[in-house]
Amino acid sequence: MLKQRHDIKSQTLASLRQHLQEAGYPDYAARQVFNWVYKKREESFFSMTNLSRSLRHYLKDNFYFSSLRLVKERQSRDGSVKFLFALEDKTYIESVLIPEGKRNTVCLSSQVGCRFGCRFCASGLLGFKRNLTPAEIVNQCLYVSDWLKRREAKLTNVVFMGIGEPFDNYGNVIKALRIILEPQGMYIGKRKVVISTCGLAPAIKAFAAENIGVGLSISLHAAKDSLRNIIMPVNKIYPLSELFSAVRLFNRRCKYSLTFEYIMISNFNISKEDVLRLKKMVKGLNYKINLIPYNPVSSFNWQPPSSGEIFRFCRWLKEEGVFFTLRRPRGQDIEGACGQLRLRQKQGKI
Ligand code: SF4
């Protein structure tokens, strides 16, 4: 019977160490392998010259290297770059690189598709296919990091805000996160990593208990249940009261950044009443609200706010003492909203 081989980039340092120790190799062997894979970016076990011959053979017999196939790369006028990747089962995911000054942020996908169907997001339109493995998540990060290195730049920040709901693929995302943060691995600083969720309250509580040290971002987009039910159907399962009890727990346990994403949509969620509700909801939290003017996706009928509406909403928030930043929409000319490139590929337009 053929032995099942494991994807080496799905291994955390701890799991690889345990695997190699059980096979009789010393404690430091896993560190050496991590060093080759993530620091020296070597993808052949036989080229890992400081490993014993026996270990190299063992690795080759028990592990393999997966990779992503680039299908399309599109650069926006504002500098962001979108990558469409094919996976081994011929499904597609996207990653986006967002350069801003000295900061280079990659936005990672965590699933093929998404089952939550938020009514502003192209990712939900094609339904859910499957979870990504830890290696498929890590490979996106490595691809973009290598892309930057070839241009003498460095990957500095990672956000889980691409296709999929990270907390719906909790175990694999946490493993990928540990590999990305690992000092012997990719070693991205904890404070430079943010996980975004549509509001899976039980997973937020579990994440608070892990206390990993990375930031949390909540896709909020509405300040009352009746509106949020429309734009984010997940709210019917975890309404705002439940979501905020989980968020308050995270905020108490973990002193890391907590942001709320709020897409401003004309005639929908930017009234004075919304400001007053927001103020009440975030009271006592250590937070920031990211305001994002709606970036049109052809499948939805929402209207972007006018500059007058944006100005008025910001003024109200300021008057009520609600902390916010206004984010420029990025990559509009390259289908910058999450899932749009994949949707076009599926529609045969790429
Ligand atoms: S915003 Fe996130 S959770 Fe909502 S449909 Fe898109 S990928 Fe899924």
# chains A, B, ... in the order shown; residues from 1 in each chain; ligands from 1
>>> residues_near_ligand(ligand="ligand 1", cutoff="9 Å", atoms="only C-alpha atoms and all ligand atoms", output="ChimeraX atom specification")
/A:109-111,113-125,127,161-166,168,196-199,219,232-234,338-339
>>> select_by_dssp(residues="region 103-154 of chain A", states="strand (DSSP E)", output="list in words")
Arg103, Asn104, Thr105, Val106, Cys107, Gln111, Val112, Gly113, Phe128, Lys129, Arg130 and Asn131 of chain A
>>> closest_residue(among="A:Ile137, A:Leu200, A:Val112, A:Leu155", to="Glu100 (chain A)", atoms="only C-alpha atoms")
A:Leu155
>>> closest_residue(among="A:Met48, A:Leu220, A:Val173, A:Val37", to="Leu108 (chain A)", atoms="only C-alpha atoms")
A:Val173
>>> residues_around(residues="Glu42 (chain A)", least_positions_apart="6", cutoff="12 Å", atoms="only C-alpha atoms", output="PDB file with N, CA, C and O atoms, in the first residue's frame")
ATOM      1  N   ILE A   8       4.163  19.497   3.504  1.00  0.00           N
ATOM      2  CA  ILE A   8       5.097  20.035   4.519  1.00  0.00           C
ATOM      3  C   ILE A   8       4.653  21.422   5.003  1.00  0.00           C
ATOM      4  O   ILE A   8       4.829  21.771   6.166  1.00  0.00           O
ATOM      5  N   LYS A   9       4.009  22.188   4.105  1.00  0.00           N
ATOM      6  CA  LYS A   9       3.625  23.551   4.497  1.00  0.00           C
ATOM      7  C   LYS A   9       2.288  23.597   5.243  1.00  0.00           C
ATOM      8  O   LYS A   9       1.806  24.669   5.554  1.00  0.00           O
ATOM      9  N   GLN A  32      15.421  23.098  11.721  1.00  0.00           N
ATOM     10  CA  GLN A  32      16.273  23.163  10.525  1.00  0.00           C
ATOM     11  C   GLN A  32      15.420  23.129   9.250  1.00  0.00           C
ATOM     12  O   GLN A  32      15.639  23.891   8.313  1.00  0.00           O
ATOM     13  N   VAL A  33      14.419  22.229   9.254  1.00  0.00           N
ATOM     14  CA  VAL A  33      13.566  22.103   8.055  1.00  0.00           C
ATOM     15  C   VAL A  33      12.797  23.418   7.838  1.00  0.00           C
ATOM     16  O   VAL A  33      12.726  23.941   6.719  1.00  0.00           O
ATOM     17  N   PHE A  34      12.236  23.975   8.926  1.00  0.00           N
ATOM     18  CA  PHE A  34      11.515  25.246   8.811  1.00  0.00           C
ATOM     19  C   PHE A  34      12.411  26.333   8.224  1.00  0.00           C
ATOM     20  O   PHE A  34      11.992  27.127   7.396  1.00  0.00           O
ATOM     21  N   ASN A  35      13.634  26.334   8.705  1.00  0.00           N
ATOM     22  CA  ASN A  35      14.590  27.329   8.225  1.00  0.00           C
ATOM     23  C   ASN A  35      14.790  27.222   6.713  1.00  0.00           C
ATOM     24  O   ASN A  35      14.787  28.219   6.000  1.00  0.00           O
ATOM     25  N   TRP A  36      14.914  25.998   6.225  1.00  0.00           N
ATOM     26  CA  TRP A  36      15.094  25.800   4.780  1.00  0.00           C
ATOM     27  C   TRP A  36      13.844  26.220   4.001  1.00  0.00           C
ATOM     28  O   TRP A  36      13.917  26.888   2.984  1.00  0.00           O
ATOM     29  N   MET A  48      18.596  20.345   1.055  1.00  0.00           N
ATOM     30  CA  MET A  48      18.734  20.838   2.444  1.00  0.00           C
ATOM     31  C   MET A  48      20.006  20.226   3.018  1.00  0.00           C
ATOM     32  O   MET A  48      20.000  19.234   3.753  1.00  0.00           O
ATOM     33  N   THR A  49      21.128  20.863   2.685  1.00  0.00           N
ATOM     34  CA  THR A  49      22.429  20.210   2.814  1.00  0.00           C
ATOM     35  C   THR A  49      22.891  19.949   4.245  1.00  0.00           C
ATOM     36  O   THR A  49      23.744  19.098   4.456  1.00  0.00           O
ATOM     37  N   PHE A  65       5.838  19.068  -1.285  1.00  0.00           N
ATOM     38  CA  PHE A  65       5.631  20.514  -1.382  1.00  0.00           C
ATOM     39  C   PHE A  65       4.472  20.792  -2.332  1.00  0.00           C
ATOM     40  O   PHE A  65       4.529  20.411  -3.499  1.00  0.00           O
ATOM     41  N   LEU A 142       3.453  33.026   0.886  1.00  0.00           N
ATOM     42  CA  LEU A 142       4.807  32.829   0.364  1.00  0.00           C
ATOM     43  C   LEU A 142       4.918  33.381  -1.060  1.00  0.00           C
ATOM     44  O   LEU A 142       5.926  34.000  -1.418  1.00  0.00           O
ATOM     45  N   ASP A 146       7.559  36.210  -1.966  1.00  0.00           N
ATOM     46  CA  ASP A 146       8.598  35.993  -2.988  1.00  0.00           C
ATOM     47  C   ASP A 146       8.483  37.040  -4.103  1.00  0.00           C
ATOM     48  O   ASP A 146       9.481  37.543  -4.612  1.00  0.00           O
TER      49      ASP A 146
END
>>> atom_distance(atom1="CA of Glu94 (chain A)", atom2="CA of Ala135 (chain A)")
14.8 Å
>>> closest_atom_pairs(of="region 268-306 of chain A", to="region 244-256 of chain A", cutoff="8 Å", atoms="only C-alpha atoms", output="JSON lines")
{"residue": "A:Met281", "atom": "CA", "partner": "A:Phe244", "partner_atom": "CA", "distance": 7.7}
{"residue": "A:Leu285", "atom": "CA", "partner": "A:Asn251", "partner_atom": "CA", "distance": 6.8}
{"residue": "A:Asn286", "atom": "CA", "partner": "A:Asn251", "partner_atom": "CA", "distance": 6.9}
>>> select_by_dssp(residues="region 1-107 of chain A", states="alpha helix (DSSP H)", output="ChimeraX atom specification")
/A:13-22,28-34,53-62
